[in-house]
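Structure file query_8.cif; described as mmCIF, C-alpha atoms.
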data_entry
#
loop_
_atom_site.group_PDB
_atom_site.id
_atom_site.type_symbol
_atom_site.label_atom_id
_atom_site.label_comp_id
_atom_site.auth_asym_id
_atom_site.auth_seq_id
_atom_site.Cartn_x
_atom_site.Cartn_y
_atom_site.Cartn_z
ATOM 1 C CA MET A 1 65.327 162.786 32.607
ATOM 2 C CA GLY A 2 62.520 160.484 31.565
ATOM 3 C CA GLU A 3 62.413 156.846 32.497
ATOM 4 C CA LEU A 4 64.606 154.482 30.572
ATOM 5 C CA THR A 5 62.527 152.535 28.078
ATOM 6 C CA GLN A 6 65.179 150.078 26.967
ATOM 7 C CA ASP A 7 68.451 148.591 28.111
ATOM 8 C CA PHE A 8 71.340 151.018 28.343
ATOM 9 C CA GLN A 9 74.684 149.336 27.728
ATOM 10 C CA VAL A 10 77.603 150.144 30.008
ATOM 11 C CA ALA A 11 81.182 148.911 30.255
ATOM 12 C CA ALA A 12 84.022 148.958 32.771
ATOM 13 C CA LEU A 13 87.497 148.973 31.273
ATOM 14 C CA GLN A 14 90.160 147.135 33.250
ATOM 15 C CA THR A 15 93.804 148.083 32.750
ATOM 16 C CA VAL A 16 97.234 147.237 34.115
ATOM 17 C CA SER A 17 98.688 150.707 33.774
ATOM 18 C CA THR A 18 102.408 151.361 33.433
ATOM 19 C CA THR A 19 104.793 154.241 34.079
ATOM 20 C CA SER A 20 104.301 155.512 30.489
ATOM 21 C CA VAL A 21 101.391 157.888 29.890
ATOM 22 C CA LYS A 22 101.694 157.320 26.139
ATOM 23 C CA ASN A 23 101.430 153.540 26.470
ATOM 24 C CA ASN A 24 98.552 153.804 28.926
ATOM 25 C CA ILE A 25 96.555 156.072 26.636
ATOM 26 C CA GLN A 26 97.140 153.670 23.751
ATOM 27 C CA GLN A 27 95.879 150.785 25.894
ATOM 28 C CA ALA A 28 92.838 152.833 26.904
ATOM 29 C CA ALA A 29 92.063 153.691 23.269
ATOM 30 C CA GLU A 30 92.150 150.020 22.300
ATOM 31 C CA LEU A 31 89.842 149.039 25.165
ATOM 32 C CA ILE A 32 87.440 151.876 24.370
ATOM 33 C CA SER A 33 87.197 150.642 20.774
ATOM 34 C CA GLU A 34 86.585 147.092 21.998
ATOM 35 C CA ALA A 35 83.833 148.235 24.352
ATOM 36 C CA VAL A 36 82.157 150.307 21.648
ATOM 37 C CA GLU A 37 82.221 147.325 19.294
ATOM 38 C CA LYS A 38 80.372 145.370 21.994
ATOM 39 C CA GLY A 39 77.685 148.048 22.083
ATOM 40 C CA ALA A 40 78.662 150.059 25.163
ATOM 41 C CA GLN A 41 77.060 153.495 25.399
ATOM 42 C CA LEU A 42 78.767 154.564 28.637
ATOM 43 C CA LEU A 43 82.358 153.533 29.429
ATOM 44 C CA VAL A 44 84.299 153.857 32.672
ATOM 45 C CA LEU A 45 88.085 153.765 32.917
ATOM 46 C CA PRO A 46 89.840 152.813 36.177
ATOM 47 C CA GLU A 47 91.545 155.076 38.664
ATOM 48 C CA TYR A 48 95.085 156.039 37.588
ATOM 49 C CA PHE A 49 94.427 154.693 34.067
ATOM 50 C CA CYS A 50 96.878 157.253 32.670
ATOM 51 C CA LEU A 51 99.764 156.497 35.041
ATOM 52 C CA MET A 52 100.906 154.114 37.742
ATOM 53 C CA GLY A 53 104.134 155.884 38.612
ATOM 54 C CA ARG A 54 107.273 154.659 40.314
ATOM 55 C CA ASN A 55 106.681 157.013 43.243
ATOM 56 C CA ASP A 56 103.877 159.102 44.748
ATOM 57 C CA HIS A 57 104.895 162.310 43.031
ATOM 58 C CA ASP A 58 105.068 161.065 39.430
ATOM 59 C CA LYS A 59 101.361 161.850 39.112
ATOM 60 C CA VAL A 60 102.008 165.411 40.301
ATOM 61 C CA ASP A 61 104.457 165.926 37.450
ATOM 62 C CA ILE A 62 101.748 165.284 34.852
ATOM 63 C CA GLY A 63 99.055 167.388 36.562
ATOM 64 C CA GLU A 64 96.824 169.285 34.132
ATOM 65 C CA GLN A 65 94.798 172.477 34.354
ATOM 66 C CA LEU A 66 91.060 171.825 34.088
ATOM 67 C CA ASP A 67 89.994 171.637 30.411
ATOM 68 C CA ASN A 68 93.573 171.933 29.232
ATOM 69 C CA GLY A 69 95.881 168.973 28.749
ATOM 70 C CA PRO A 70 96.546 165.906 26.607
ATOM 71 C CA ILE A 71 94.857 163.404 28.943
ATOM 72 C CA GLN A 72 91.632 165.398 29.066
ATOM 73 C CA GLN A 73 91.796 166.013 25.319
ATOM 74 C CA PHE A 74 92.144 162.283 24.725
ATOM 75 C CA LEU A 75 89.022 161.549 26.755
ATOM 76 C CA ALA A 76 86.974 164.272 25.049
ATOM 77 C CA ASP A 77 88.137 163.166 21.593
ATOM 78 C CA GLN A 78 87.310 159.520 22.285
ATOM 79 C CA ALA A 79 83.819 160.403 23.526
ATOM 80 C CA GLN A 80 83.102 162.505 20.445
ATOM 81 C CA ARG A 81 84.710 160.101 17.993
ATOM 82 C CA HIS A 82 82.696 157.114 19.188
ATOM 83 C CA GLY A 83 79.575 159.025 20.225
ATOM 84 C CA VAL A 84 79.567 157.579 23.758
ATOM 85 C CA TRP A 85 79.701 158.736 27.359
ATOM 86 C CA ILE A 86 83.211 158.394 28.776
ATOM 87 C CA VAL A 87 83.971 158.544 32.482
ATOM 88 C CA GLY A 88 87.695 159.147 32.592
ATOM 89 C CA GLY A 89 88.732 157.054 35.550
ATOM 90 C CA THR A 90 90.873 159.630 37.318
ATOM 91 C CA VAL A 91 92.958 162.457 35.901
ATOM 92 C CA PRO A 92 95.549 164.427 37.921
ATOM 93 C CA LEU A 93 94.475 168.088 38.091
ATOM 94 C CA VAL A 94 96.582 170.870 39.556
ATOM 95 C CA THR A 95 95.580 172.284 42.937
ATOM 96 C CA GLY A 96 97.774 175.330 43.411
ATOM 97 C CA GLU A 97 100.018 173.239 45.655
ATOM 98 C CA SER A 98 103.338 172.216 44.151
ATOM 99 C CA SER A 99 103.354 168.789 45.793
ATOM 100 C CA ARG A 100 99.732 167.609 45.493
ATOM 101 C CA ILE A 101 97.105 167.162 42.784
ATOM 102 C CA TYR A 102 93.395 166.463 42.779
ATOM 103 C CA ASN A 103 92.541 162.884 41.836
ATOM 104 C CA THR A 104 89.610 163.721 39.615
ATOM 105 C CA THR A 105 86.903 161.904 37.684
ATOM 106 C CA LEU A 106 85.768 163.795 34.594
ATOM 107 C CA VAL A 107 82.700 162.842 32.570
ATOM 108 C CA PHE A 108 82.366 163.565 28.858
ATOM 109 C CA ASP A 109 79.126 163.278 26.895
ATOM 110 C CA PRO A 110 78.828 161.858 23.340
ATOM 111 C CA GLN A 111 79.618 165.296 21.913
ATOM 112 C CA GLY A 112 82.889 165.392 23.845
ATOM 113 C CA ARG A 113 81.700 168.014 26.314
ATOM 114 C CA ARG A 114 82.735 167.819 29.965
ATOM 115 C CA VAL A 115 79.510 167.478 31.947
ATOM 116 C CA ALA A 116 80.692 166.491 35.432
ATOM 117 C CA ARG A 117 83.704 166.657 37.732
ATOM 118 C CA TYR A 118 84.332 164.900 41.011
ATOM 119 C CA ASP A 119 87.525 165.285 43.066
ATOM 120 C CA LYS A 120 88.173 162.285 45.326
ATOM 121 C CA ILE A 121 87.422 163.205 48.950
ATOM 122 C CA HIS A 122 88.531 160.085 50.867
ATOM 123 C CA LEU A 123 92.275 159.434 50.644
ATOM 124 C CA PHE A 124 93.528 155.888 51.089
ATOM 125 C CA GLY A 125 95.903 155.045 53.898
ATOM 126 C CA PHE A 126 97.041 151.521 54.745
ATOM 127 C CA LYS A 127 99.956 149.985 56.615
ATOM 128 C CA LYS A 128 100.520 146.332 57.288
ATOM 129 C CA GLY A 129 103.997 144.909 57.561
ATOM 130 C CA THR A 130 106.058 146.162 54.623
ATOM 131 C CA GLU A 131 102.992 147.229 52.628
ATOM 132 C CA ALA A 132 102.087 150.890 53.114
ATOM 133 C CA TYR A 133 100.170 153.581 51.219
ATOM 134 C CA ASP A 134 99.356 157.211 51.988
ATOM 135 C CA GLU A 135 97.559 159.067 49.212
ATOM 136 C CA SER A 136 97.543 162.331 51.170
ATOM 137 C CA VAL A 137 101.247 162.732 50.404
ATOM 138 C CA SER A 138 100.525 163.590 46.767
ATOM 139 C CA ILE A 139 96.745 164.114 46.611
ATOM 140 C CA ARG A 140 94.642 166.947 47.992
ATOM 141 C CA PRO A 141 91.141 165.871 49.036
ATOM 142 C CA GLY A 142 88.303 167.336 47.018
ATOM 143 C CA GLU A 143 85.581 169.543 48.407
ATOM 144 C CA ASN A 144 82.882 169.119 45.753
ATOM 145 C CA ALA A 145 81.083 165.959 46.871
ATOM 146 C CA PRO A 146 78.590 164.568 46.155
ATOM 147 C CA GLN A 147 78.504 164.710 42.365
ATOM 148 C CA SER A 148 76.229 163.082 39.800
ATOM 149 C CA PHE A 149 75.088 163.575 36.224
ATOM 150 C CA ASP A 150 72.086 162.682 34.095
ATOM 151 C CA ALA A 151 72.543 160.083 31.360
ATOM 152 C CA PRO A 152 70.019 158.131 29.274
ATOM 153 C CA CYS A 153 69.941 155.496 32.050
ATOM 154 C CA GLY A 154 68.927 158.115 34.629
ATOM 155 C CA LYS A 155 70.916 159.718 37.434
ATOM 156 C CA VAL A 156 74.495 158.454 37.763
ATOM 157 C CA GLY A 157 76.536 158.904 40.956
ATOM 158 C CA LEU A 158 80.297 159.401 41.029
ATOM 159 C CA SER A 159 82.825 157.964 43.472
ATOM 160 C CA ILE A 160 86.440 156.797 43.452
ATOM 161 C CA CYS A 161 88.077 153.719 44.964
ATOM 162 C CA TYR A 162 88.460 154.313 48.748
ATOM 163 C CA ASP A 163 85.130 156.167 48.744
ATOM 164 C CA LEU A 164 83.543 152.733 48.522
ATOM 165 C CA ARG A 165 84.086 152.281 52.286
ATOM 166 C CA PHE A 166 82.007 155.345 53.174
ATOM 167 C CA PRO A 167 78.293 154.656 52.615
ATOM 168 C CA GLU A 168 77.300 158.157 53.717
ATOM 169 C CA LEU A 169 78.682 159.532 50.442
ATOM 170 C CA TYR A 170 76.297 157.350 48.452
ATOM 171 C CA ARG A 171 73.325 158.291 50.649
ATOM 172 C CA ALA A 172 74.148 161.939 49.990
ATOM 173 C CA LEU A 173 73.838 161.328 46.242
ATOM 174 C CA GLY A 174 70.106 160.723 46.617
ATOM 175 C CA ASN A 175 68.285 158.179 44.470
ATOM 176 C CA VAL A 176 70.486 157.082 41.580
ATOM 177 C CA ASN A 177 70.126 154.339 38.975
ATOM 178 C CA LEU A 178 73.859 153.723 38.620
ATOM 179 C CA ILE A 179 76.916 154.239 40.819
ATOM 180 C CA LEU A 180 80.367 154.336 39.231
ATOM 181 C CA VAL A 181 83.537 153.293 41.052
ATOM 182 C CA PRO A 182 86.806 153.703 39.133
ATOM 183 C CA ALA A 183 89.397 152.107 41.394
ATOM 184 C CA ALA A 184 92.875 150.713 41.949
ATOM 185 C CA PHE A 185 92.261 148.494 44.987
ATOM 186 C CA THR A 186 95.387 146.773 46.238
ATOM 187 C CA TYR A 187 95.527 142.998 46.040
ATOM 188 C CA THR A 188 95.423 142.800 49.840
ATOM 189 C CA THR A 189 92.376 144.985 50.440
ATOM 190 C CA GLY A 190 90.639 144.041 47.195
ATOM 191 C CA SER A 191 90.712 140.307 47.845
ATOM 192 C CA ALA A 192 89.125 140.938 51.243
ATOM 193 C CA HIS A 193 86.540 143.626 50.566
ATOM 194 C CA TRP A 194 86.110 144.802 46.931
ATOM 195 C CA GLU A 195 83.218 142.579 45.847
ATOM 196 C CA MET A 196 81.585 142.733 49.271
ATOM 197 C CA LEU A 197 81.534 146.523 49.257
ATOM 198 C CA LEU A 198 80.338 146.874 45.657
ATOM 199 C CA ARG A 199 77.455 144.510 46.311
ATOM 200 C CA ALA A 200 76.590 146.243 49.584
ATOM 201 C CA ARG A 201 76.420 149.648 47.892
ATOM 202 C CA ALA A 202 74.146 148.163 45.211
ATOM 203 C CA VAL A 203 71.814 146.530 47.726
ATOM 204 C CA GLU A 204 71.485 149.461 50.111
ATOM 205 C CA ASN A 205 70.964 152.002 47.325
ATOM 206 C CA GLN A 206 68.876 149.648 45.140
ATOM 207 C CA CYS A 207 70.798 150.569 42.021
ATOM 208 C CA TYR A 208 73.384 149.200 39.622
ATOM 209 C CA VAL A 209 77.052 149.562 40.572
ATOM 210 C CA LEU A 210 79.842 149.468 38.000
ATOM 211 C CA GLY A 211 83.406 149.094 39.284
ATOM 212 C CA ALA A 212 86.299 149.678 36.855
ATOM 213 C CA ALA A 213 89.562 148.478 38.364
ATOM 214 C CA GLN A 214 93.259 148.170 37.798
ATOM 215 C CA GLY A 215 93.972 144.453 37.696
ATOM 216 C CA GLY A 216 97.395 142.879 37.736
ATOM 217 C CA LYS A 217 101.108 143.250 38.440
ATOM 218 C CA HIS A 218 102.340 146.706 37.491
ATOM 219 C CA GLU A 219 105.673 147.894 36.177
ATOM 220 C CA ASN A 220 106.263 149.767 39.448
ATOM 221 C CA GLY A 221 105.930 146.532 41.457
ATOM 222 C CA ARG A 222 102.449 147.210 42.777
ATOM 223 C CA ARG A 223 99.781 144.524 42.447
ATOM 224 C CA THR A 224 96.122 145.464 42.101
ATOM 225 C CA TRP A 225 93.108 143.239 42.623
ATOM 226 C CA GLY A 226 91.126 143.761 39.438
ATOM 227 C CA HIS A 227 87.718 142.041 39.359
ATOM 228 C CA SER A 228 86.003 144.868 37.516
ATOM 229 C CA MET A 229 82.304 144.088 37.704
ATOM 230 C CA LEU A 230 78.716 145.125 37.157
ATOM 231 C CA VAL A 231 76.338 144.488 40.063
ATOM 232 C CA ASP A 232 72.544 144.727 39.808
ATOM 233 C CA PRO A 233 70.165 146.328 42.380
ATOM 234 C CA TRP A 234 69.615 142.963 44.116
ATOM 235 C CA GLY A 235 73.356 142.545 44.625
ATOM 236 C CA GLU A 236 73.865 139.974 41.875
ATOM 237 C CA VAL A 237 77.162 140.114 39.979
ATOM 238 C CA LEU A 238 76.227 140.267 36.286
ATOM 239 C CA ALA A 239 79.749 140.300 34.859
ATOM 240 C CA CYS A 240 83.307 140.211 36.213
ATOM 241 C CA LEU A 241 86.877 140.188 34.884
ATOM 242 C CA PRO A 242 89.292 138.810 37.511
ATOM 243 C CA GLU A 243 92.621 139.999 36.118
ATOM 244 C CA GLY A 244 94.367 141.574 33.157
ATOM 245 C CA PRO A 245 93.290 144.201 30.622
ATOM 246 C CA GLY A 246 89.802 143.846 29.208
ATOM 247 C CA VAL A 247 86.179 144.914 29.109
ATOM 248 C CA VAL A 248 83.284 144.093 31.445
ATOM 249 C CA SER A 249 79.922 144.974 29.929
ATOM 250 C CA GLY A 250 76.237 144.678 30.690
ATOM 251 C CA ALA A 251 72.932 146.512 30.678
ATOM 252 C CA ILE A 252 71.145 148.946 32.979
ATOM 253 C CA ASN A 253 67.532 147.764 32.869
ATOM 254 C CA GLN A 254 64.706 149.981 34.100
ATOM 255 C CA THR A 255 62.377 147.023 34.603
ATOM 256 C CA ARG A 256 64.846 145.354 36.954
ATOM 257 C CA LEU A 257 65.271 148.583 38.922
ATOM 258 C CA SER A 258 61.503 148.950 39.287
ATOM 259 C CA GLU A 259 61.017 145.299 40.276
ATOM 260 C CA VAL A 260 63.531 145.498 43.108
ATOM 261 C CA ARG A 261 62.317 148.865 44.393
ATOM 262 C CA THR A 262 58.663 147.805 44.263
ATOM 263 C CA ALA A 263 59.106 144.411 45.913
ATOM 264 C CA LEU A 264 61.288 145.811 48.701
ATOM 265 C CA PRO A 265 60.723 149.581 48.959
ATOM 266 C CA ALA A 266 63.611 150.133 51.357
ATOM 267 C CA LEU A 267 64.402 153.589 49.997
ATOM 268 C CA GLN A 268 60.873 154.680 50.941
ATOM 269 C CA HIS A 269 61.207 153.067 54.373
ATOM 270 C CA ARG A 270 64.247 155.125 55.382
ATOM 271 C CA VAL A 271 63.853 156.900 58.713
ATOM 272 C CA LEU A 272 67.214 158.621 59.197
#

Starting from the coordinates I provided, produce the structure as structure tokens.
Amino acid sequence: MGELTQDFQVAALQTVSTTSVKNNIQQAAELISEAVEKGAQLLVLPEYFCLMGRNDHDKVDIGEQLDNGPIQQFLADQAQRHGVWIVGGTVPLVTGESSRIYNTTLVFDPQGRRVARYDKIHLFGFKKGTEAYDESVSIRPGENAPQSFDAPCGKVGLSICYDLRFPELYRALGNVNLILVPAAFTYTTGSAHWEMLLRARAVENQCYVLGAAQGGKHENGRRTWGHSMLVDPWGEVLACLPEGPGVVSGAINQTRLSEVRTALPALQHRVL
């Protein structure tokens, strides 16, 4: 890919997904249209945008075969219809196990073609008092990391939610201009670490980071942190939506990338 010669507009879509796939897809379609109207050329949906079930195994029940299913068809159709890049948050894909799915990010180009796939490798586990989560119960860890794709803004790295705590994944991506983080951080962990980690990944990799989050109180009783945001290569937050459904948008600017990397050439100074 050649160097970006102008701003490339990106958007993170924030949802408060429910237990209804139909309603969630309708909400996603409305937010995609809103983002496109604002000029977005690449859009990222949050983790679990299609379903926040009442139990761990609800997502298993809607698992799709790769390239075959209504959720994937929706994403491909939206990309082609609007002529934009769509990063489909996460989609449940079958694994061959009856009780677990892959939690997968799929990327569709403006022609609606699938151009990248990343299966989440780090599975969230947390227990404090009465609050407990264990993704390994219903999710099988992926084995295809790291994954990236080339877009008009340059190389784009893929990651999902809990991955954000593992900087070695981002180092393994190599030099990227943009890192994407569809997520569903809990209110507890998000309020403590979400912004801190997004900004750290931006600073240490000298690139833009776009986090698309679930943000609010869900039908199943879960509360997510939200604060979808775009962070620049110096760690500055360019845009943020604290809570509720909506769109966070901004630009990937090649001049800004070059300024940061030239003034402080940390990527060239790496020893290990």

Task: Given only C-alpha atoms as the counted atoms, nearest of A:Asp163, A:Glu219, A:Glu47, A:Glu37 to Leu197 (chain A) - done: A:Asp163

Task: Separation of CA of Ala28 (chain A) from CA of Ala200 (chain A) in Å - done: 28.7 Å

TODO: Please measure the separation of CA of Thr188 (chain A) and CA of Leu43 (chain A), giving the value in Å to one decimal.
DONE: 26.5 Å

Can you translate the PyMOL selection byres ((chain A and resi 134) around 9) into the concrete residues it hits in this file, as a PDB file with C-alpha atoms, in the frame of the given file?
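Printed below is result-v2.pdb as written:
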ATOM      1  CA  ASP A  56     103.877 159.102  44.748  1.00  0.00           C
ATOM      2  CA  LEU A 123      92.275 159.434  50.644  1.00  0.00           C
ATOM      3  CA  PHE A 124      93.528 155.888  51.089  1.00  0.00           C
ATOM      4  CA  GLY A 125      95.903 155.045  53.898  1.00  0.00           C
ATOM      5  CA  PHE A 126      97.041 151.521  54.745  1.00  0.00           C
ATOM      6  CA  LYS A 127      99.956 149.985  56.615  1.00  0.00           C
ATOM      7  CA  ALA A 132     102.087 150.890  53.114  1.00  0.00           C
ATOM      8  CA  TYR A 133     100.170 153.581  51.219  1.00  0.00           C
ATOM      9  CA  GLU A 135      97.559 159.067  49.212  1.00  0.00           C
ATOM     10  CA  SER A 136      97.543 162.331  51.170  1.00  0.00           C
ATOM     11  CA  VAL A 137     101.247 162.732  50.404  1.00  0.00           C
ATOM     12  CA  SER A 138     100.525 163.590  46.767  1.00  0.00           C
TER      13      SER A 138
END

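Separating CA of Leu93 (chain A) from CA of Met229 (chain A) is a distance of 26.9 Å.
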
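Using the PyMOL selection byres ((chain A and resi 83) around 12) on this structure selects Ile32, Ser33, Val36, Gly39, Ala40, Gln41, Leu42, Leu43, Leu75, Ala76, Asp77, Gln78, Ala79, Gln80, Arg81, His82, Val84, Trp85, Ile86, Phe108, Asp109, Pro110, Gln111, Gly112 and Arg113 of chain A.
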
Task: Contacts of Cys153 (chain A) within 12 Å, only C-alpha atoms, excl. fewer than 3 positions in-chain, as a PyMOL selection string - done: chain A and resi 1-10+41-42+85+149-150+156-157+176-179+207-208+251-255+257

- [ ] Please determine the residues with any atom at most 9 Å from (92.3, 137.7, 36.1) (coordinates as given in the file, with all atoms listed in the file counting) and report them as a ChimeraX atom specification.
- [x] /A:215-216,225-227,241-245

Could you save the residues just selected, with C-alpha atoms, as a short mmCIF file (atom, residue, chain, number, x, y, z; two decimals), in the frame of the given file?
data_model
loop_
_atom_site.label_atom_id
_atom_site.label_comp_id
_atom_site.auth_asym_id
_atom_site.auth_seq_id
_atom_site.Cartn_x
_atom_site.Cartn_y
_atom_site.Cartn_z
CA GLY A 215 93.97 144.45 37.70
CA GLY A 216 97.40 142.88 37.74
CA TRP A 225 93.11 143.24 42.62
CA GLY A 226 91.13 143.76 39.44
CA HIS A 227 87.72 142.04 39.36
CA LEU A 241 86.88 140.19 34.88
CA PRO A 242 89.29 138.81 37.51
CA GLU A 243 92.62 140.00 36.12
CA GLY A 244 94.37 141.57 33.16
CA PRO A 245 93.29 144.20 30.62
#

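If you apply the PyMOL selection byres ((chain A and resi 140) around 10) to this structure, you end up with Leu93, Val94, Thr95, Glu97, Ser99, Arg100, Ile101, Tyr102, Asn103, Asp119, Lys120, Ile121, His122, Leu123, Glu135, Ser136, Val137, Ser138, Ile139, Pro141, Gly142 and Glu143 of chain A.
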
Open item on the list: When you look at Leu169 (chain A) with a cut-off of 10 Å (counting all atoms listed in the file), what residues show up, excluding the ones that are within fewer than 3 positions of it in the same chain? I need them as a ChimeraX atom specification.
Closed with: /A:121-122,145-147,157-159,163-166,172-174

Task: From A:Ser249, A:Ser258, A:Asn175, A:Asn205, residue lying nearest Leu13 (chain A) [all atoms listed in the file] - done: A:Ser249

Extract, using only C-alpha atoms, all DNA, RNA and protein residues at most 10 Å from Pro46 (chain A), discarding same-chain residues fewer than 6 positions from it, and format them as a PDB file with C-alpha atoms, in the frame of the given file.
ATOM      1  CA  ALA A  12      84.022 148.958  32.771  1.00  0.00           C
ATOM      2  CA  LEU A  13      87.497 148.973  31.273  1.00  0.00           C
ATOM      3  CA  GLN A  14      90.160 147.135  33.250  1.00  0.00           C
ATOM      4  CA  THR A  15      93.804 148.083  32.750  1.00  0.00           C
ATOM      5  CA  VAL A  16      97.234 147.237  34.115  1.00  0.00           C
ATOM      6  CA  SER A  17      98.688 150.707  33.774  1.00  0.00           C
ATOM      7  CA  ALA A  28      92.838 152.833  26.904  1.00  0.00           C
ATOM      8  CA  VAL A  87      83.971 158.544  32.482  1.00  0.00           C
ATOM      9  CA  GLY A  88      87.695 159.147  32.592  1.00  0.00           C
ATOM     10  CA  GLY A  89      88.732 157.054  35.550  1.00  0.00           C
ATOM     11  CA  THR A  90      90.873 159.630  37.318  1.00  0.00           C
ATOM     12  CA  THR A 105      86.903 161.904  37.684  1.00  0.00           C
ATOM     13  CA  ILE A 160      86.440 156.797  43.452  1.00  0.00           C
ATOM     14  CA  CYS A 161      88.077 153.719  44.964  1.00  0.00           C
ATOM     15  CA  VAL A 181      83.537 153.293  41.052  1.00  0.00           C
ATOM     16  CA  PRO A 182      86.806 153.703  39.133  1.00  0.00           C
ATOM     17  CA  ALA A 183      89.397 152.107  41.394  1.00  0.00           C
ATOM     18  CA  ALA A 184      92.875 150.713  41.949  1.00  0.00           C
ATOM     19  CA  GLY A 211      83.406 149.094  39.284  1.00  0.00           C
ATOM     20  CA  ALA A 212      86.299 149.678  36.855  1.00  0.00           C
ATOM     21  CA  ALA A 213      89.562 148.478  38.364  1.00  0.00           C
ATOM     22  CA  GLN A 214      93.259 148.170  37.798  1.00  0.00           C
ATOM     23  CA  GLY A 215      93.972 144.453  37.696  1.00  0.00           C
ATOM     24  CA  GLY A 226      91.126 143.761  39.438  1.00  0.00           C
ATOM     25  CA  SER A 228      86.003 144.868  37.516  1.00  0.00           C
TER      26      SER A 228
END

- [ ] Select, from A:Thr186, A:Asn220, A:Gln206, A:Gln72, the residue with the minimum atom-to-atom distance to Pro265 (chain A), counting only C-alpha atoms.
- [x] A:Gln206

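Nearest to Leu66 (chain A) of all the residues A:Leu106, A:Ser148, A:Leu45, A:Arg54 is A:Leu106, based on only C-alpha atoms.
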
Using 3 Å of padding on each side, determine the axis-aligned box around all atoms of region 36-40 of chain A present in the file and give its centre and edge lengths in Å to one decimal, as lines of an AutoDock Vina configuration file.
center_x = 80.0
center_y = 147.8
center_z = 22.2
size_x = 10.5
size_y = 10.9
size_z = 11.9

TODO: For each of A:Leu31, A:Ala116, A:Ala202, A:Val209, take the minimum atom-to-atom distance to Ala151 (chain A), counting only C-alpha atoms, then give the residue where this is smallest.
DONE: A:Ala116
